[in-house]
Every structure is written in structure tokens, then in C-alpha cells.
Amino acid sequence: MKEESTKEYKTQYGEIIVDPFFIKDPELYEIFQKSLPPREAYYFFPKDKDVIELHKKKPQKNVRRIFINVPYLEYEQKWLDEYKKIIDKHPENKLPDFWNDGLNLTFIYSTECKLEKSYQRMLDYFAWYKKSFPLNIQPKDKCMQILNSGFLYIHGRDHQFRPILICQPYILQKNKKEFAPNDIYNASIFLCQYMINYMMIPGQIENWIIFVNLAGTDGVTLPGSMTKLVKALSDYFVSRLYKCFVLGLHPFLIFIYTIVCKIVETVTVEKVIILKNKEDPKKNLYINEDNLEKRFGGEAIDLDYGEDNSLFPPRMPSDNFFLENENAKDILITEEEYIEKFNSGKIPQRSASPYLSDKLKIEKIDIKEEKEIKEKEEIKEENEIKEEKEEKEEIKEENEIKEEKEVKEEIKEENEIKEEKEVKEEIKEENEIKEEKEVKEEKEEIKEEKDNKEEKEEKEKTEEKEKIEEKTEIKEEKAEEKDKTETQENIDN
């Protein structure tokens, strides 16, 4: 086996799948190569409604089918600008290297332009992806048995090179004791991610066709083990479904569906196509019969299912993709036009045709070297984040010290004001006491003066009274002596 066939493969969406087990097997590797987009697919560029189907009234309800490497409408660009502002508010949530505006726009449309909800849904996707991948599936794993069972497998492409995913729920019912729900889920999301990584071309092929065969079931209910898968397809493989063909639906549900179709929007109805039987011509509007098995109304040989048969890597039954009324010259651009597009920068190097690698002068990617560069960039980025964090912490610390200093100064100032106030109050109180004391002393002085005056007056009065009394006594004594004298004189006479 060639050494190059065991190297790592960088996919269209930027993720690295390391040495898939089937690449080591020459026969499986050849099948794997045939499942990659064919040469003609790179010359196909979708137009009009196959790029975006506009809603008549509400732009947020548009059905965009191609998101990457295409120009956006003016209001879509405004949505993206607003969405990026939300992303910038959360630098702690680092986006993957392969992330781009197109993938942002898928989540914006998935919530009808409710941007905060779109951002949360994107974070949920990152968490789910990190938890789910990589899946290390090996040839003898139960997941590989499920991929070869016929329950879910890729077979062929439609007329615009979209991969066709066949789903047959009856196989799960038949093997429900053997297949665990978690293995079913892992095998299914692995297959869906495989289509994205290896079978699509960003800006040209971004959707898939699902063909659901309900034969062998009651035509009404799906196995419970498919519930988680259906939710994952809705939540994490956003805007991937182009058409879903359903064969074997119960007649009553077909009747109900025709009623529902009159209520729901046209774009929603057009995604699901109910086939009355395998000869129903509606499928022929999208899939060349050479790319569909006979059991589903095509001309391709029916594949055998089971452990001894390999349905993975995917089988491509025919190189005849176009419909009877289609002419490749009217649909595909020429090689010269493709090279001109590439040289003018309209086709990114990562999405360029590997069939023209010599003519396009595409640089061969040294995965090991690129890994080292990426690791260095990550280390550099981590250091920058660390430095930024440290700088923020320093600024924070400085601000805290500044705030603490300001608080201390405020407290000091408050204390000084308080002390000053207390001093003033003390002085005031002392003055009041002093004034009160002076007033009291003054009052006491006045009272003392008054008392002294009164005492003096009383003394003077007493003295005067005594003088008067003394004079009166003297007078009386004199009168008495006179009387005595006169009495004696009278006696003498």
C-alpha cells in the first residue's frame, strides 16, 4: 500500500481526521476515494433557489442552502455584524479554527434571527461536538455493524451532487436486542459528520438528501432509539437537509399530511416529499435513477446488508448524476472558468479541486508542520490570553489598591471632620459651661450684693432704731428725773 494513503486528511471544513481505519485497506481506500466529490462536482455552482429561497414577508424565514464562500444579502451582513458583537462580549468562549461567517449564519437562521438564542445554540453545539467527537470507530466495533446493517447508509448523489442518505427504521426493530441506542446514535452522527467532512464542497455542496423507507414498519411510529438521533439532526446538523423522501408512510398519515400542507409554509412542505410507492415520479425530479437502488424505484443494483457486507465507506453506484432533461454543458462551468475563479480568489484554496492541483498550484499541506505551527500559535495565544489576564489582574489590583487608598482617605477625612466636629462641640460645650458659670457667678454676685445691701439697710435700720430707742430712753430718763425733781420739790415745799 502507498504511504500517502495512511497520512492524515484535512477536510473541507478544516477538521483533521487521523488515519481512518479503512484507508489502510487498499480495496476500501479505493471505495473511499470514489465517495469523494467527483471532478464534475467542482465545476457545479448552485444558483437562485438552490442558494437561497426568499420568504415573501419575513427575511428571517428565508431558506438558505449555501452559506460558505458566497456573498450575503445586505440584511444578512447586518445580522452577522450584530452577532459578532455578542461573540466579542464573550472572549472566554473560543471559536474553533474552522469557524466562519457561513457557520454563524446557519445558527442565526436556525432561530429566525433571535441572536442571543443563536449564540446559546452555537455554544450548545460546541459542547456537543467536543463531547461527541472524535469517534474512534474500528472494523469490529458494534457501530461498524450498524453502519453495515442497512439501517443508515450513504448511497449515490442527486443531480446536484448532494449525497443521498438512506434510512430504514425496520432494521432497528429487527435488531433492537443487538443494537444499543448509544451505538446507534454514535454510528449515525459519525456518518452525518463523514458526509460533511468528505462528501461536500463548501459554497457548492452543503446539503444532503434523506430517503426514508418505512417498509417493514407500521408506517406510523419510529423506533424509540431514533428519538435522540432525530433531535441531533435538528439541533446540530443545522440547514443540512435539502429534501427528505418518505416511502411507505401509512395512508391515513398521508391524508393528514395533505391537510397539514395547506396550513404550514410552502418552503417547509417542499422539504418533505411523500412517495405513494417506489414508482412515484416525484423522486425523479432530483435523483437520476442510476443513483438509486431498484428497491426504491431506481436502476442501481440493490445492496446486500449484514455483517459480511460492507456499506461503509459509501458506495457510489454510478457517475451518471444528471437528469434526462439536463445537459452538463448548461449546468457546469468549464475548467478554464474554474481556474479563473480560483485565481481571482473566489474559490478558497482549501475548497479547490484536487483534480486540478497541478494547474492551480495548490500548496501541499504538511500536516505535521501545520500541527506544530498551530500548536505554537495556540501557545502564543494562550500566553497572550495569560498576559492579558495578568494585566487585567494587575489593573484590577491597582484599582483595588487605589480604591482602598481612596476609602482610607475618605475614612481619614471623615474622621478628621468628625474630630473637628467633636472639638467644636467640646469647645462649644466648654463655652456654654463657662458662660453658664459666669452667668451663675454674676447672679450670685448680684444676689450677694443685694443681700449685703439688704443686710446693710437692715443694719442701718437697726442702728437707727437703736438710736431712736436710745434717745427715747434718754428722753424718758430725763422726763423721769424731772418728775422726780418736781416731786421732791413739791415735797420740800
# chains A, B, ... in the order shown; residues from 1 in each chain; ligands from 1
>>> select_by_dssp(residues="stretch 181-350 of chain A", states="strand (DSSP E)", output="VMD selection string")
chain A and resid 208 to 213 241 to 247 272 to 275
>>> write_last_selection(atoms="C-alpha atoms", output="short mmCIF file (atom, residue, chain, number, x, y, z; two decimals), in the first residue's frame")
data_model
loop_
_atom_site.label_atom_id
_atom_site.label_comp_id
_atom_site.auth_asym_id
_atom_site.auth_seq_id
_atom_site.Cartn_x
_atom_site.Cartn_y
_atom_site.Cartn_z
CA TRP A 208 -27.88 16.14 1.74
CA ILE A 209 -30.88 14.13 0.61
CA ILE A 210 -32.51 11.72 3.06
CA PHE A 211 -34.51 8.78 1.71
CA VAL A 212 -36.62 7.19 4.49
CA ASN A 213 -38.00 3.74 3.74
CA LEU A 241 -31.41 18.86 4.80
CA TYR A 242 -32.34 19.63 1.19
CA LYS A 243 -35.10 17.08 0.61
CA CYS A 244 -36.49 14.19 2.61
CA PHE A 245 -38.28 11.46 0.61
CA VAL A 246 -40.58 9.21 2.64
CA LEU A 247 -41.65 5.86 1.22
CA VAL A 272 -40.59 16.65 2.71
CA ILE A 273 -41.79 14.61 -0.28
CA ILE A 274 -44.18 11.72 0.40
CA LEU A 275 -43.88 8.92 -2.16
#
>>> select_by_dssp(residues="stretch 175-236 of chain A", states="helix (DSSP H, G or I)", output="PyMOL selection string")
chain A and resi 181-198+224-235
>>> write_last_selection(atoms="C-alpha atoms", output="mmCIF file, in the first residue's frame")
data_model
loop_
_atom_site.group_PDB
_atom_site.id
_atom_site.type_symbol
_atom_site.label_atom_id
_atom_site.label_comp_id
_atom_site.auth_asym_id
_atom_site.auth_seq_id
_atom_site.Cartn_x
_atom_site.Cartn_y
_atom_site.Cartn_z
ATOM 1 C CA PRO A 181 -29.322 3.023 21.465
ATOM 2 C CA ASN A 182 -25.981 4.712 22.202
ATOM 3 C CA ASP A 183 -24.202 2.728 19.467
ATOM 4 C CA ILE A 184 -26.995 3.584 17.021
ATOM 5 C CA TYR A 185 -26.618 7.256 17.890
ATOM 6 C CA ASN A 186 -22.800 7.276 17.587
ATOM 7 C CA ALA A 187 -22.838 5.413 14.270
ATOM 8 C CA SER A 188 -25.439 7.828 12.893
ATOM 9 C CA ILE A 189 -23.728 11.086 13.864
ATOM 10 C CA PHE A 190 -20.409 9.652 12.645
ATOM 11 C CA LEU A 191 -21.980 9.020 9.230
ATOM 12 C CA CYS A 192 -23.519 12.503 9.067
ATOM 13 C CA GLN A 193 -20.221 14.133 10.010
ATOM 14 C CA TYR A 194 -18.477 11.924 7.446
ATOM 15 C CA MET A 195 -20.726 13.394 4.718
ATOM 16 C CA ILE A 196 -19.834 16.921 5.818
ATOM 17 C CA ASN A 197 -16.113 16.207 6.069
ATOM 18 C CA TYR A 198 -15.591 14.150 2.913
ATOM 19 C CA GLY A 224 -37.602 4.888 20.250
ATOM 20 C CA SER A 225 -33.860 4.545 19.667
ATOM 21 C CA MET A 226 -34.166 7.083 16.818
ATOM 22 C CA THR A 227 -35.548 9.889 19.022
ATOM 23 C CA LYS A 228 -32.114 11.141 20.094
ATOM 24 C CA LEU A 229 -30.847 10.952 16.502
ATOM 25 C CA VAL A 230 -33.768 12.996 15.123
ATOM 26 C CA LYS A 231 -33.085 15.678 17.764
ATOM 27 C CA ALA A 232 -29.357 15.734 16.881
ATOM 28 C CA LEU A 233 -30.149 16.167 13.177
ATOM 29 C CA SER A 234 -32.371 19.123 14.068
ATOM 30 C CA ASP A 235 -30.119 20.786 16.657
#
>>> closest_residue(among="A:Asp304, A:Glu436, A:Glu74, A:Glu400", to="A:Phe151", atoms="only C-alpha atoms")
A:Asp304
>>> residues_around(residues="A:Gly298", least_positions_apart="6", cutoff="7 Å", atoms="only C-alpha atoms", output="ChimeraX atom specification")
/A:289-290,292
>>> write_last_selection(atoms="C-alpha atoms", output="short mmCIF file (atom, residue, chain, number, x, y, z; two decimals), in the first residue's frame")
data_model
loop_
_atom_site.label_atom_id
_atom_site.label_comp_id
_atom_site.auth_asym_id
_atom_site.auth_seq_id
_atom_site.Cartn_x
_atom_site.Cartn_y
_atom_site.Cartn_z
CA GLU A 289 -32.40 6.51 -11.45
CA ASP A 290 -28.83 5.16 -11.83
CA LEU A 292 -30.99 4.91 -6.60
#
>>> atom_distance(atom1="atom CA of A:Tyr72", atom2="atom CA of A:Asn100")
13.0 Å
>>> residues_around(residues="A:Glu82", least_positions_apart="3", cutoff="12 Å", atoms="only C-alpha atoms", output="ChimeraX atom specification")
/A:75-79,85-89,101,104-105,108,113-116,118-119
>>> atom_distance(atom1="atom CA of A:Glu397", atom2="atom CA of A:Glu382")
21.7 Å
>>> atom_distance(atom1="atom CA of A:Tyr305", atom2="atom CA of A:Tyr153")
10.2 Å
>>> closest_residue(among="A:Arg240, A:Cys167, A:Leu172, A:Cys143", to="A:Ile66", atoms="only C-alpha atoms")
A:Arg240
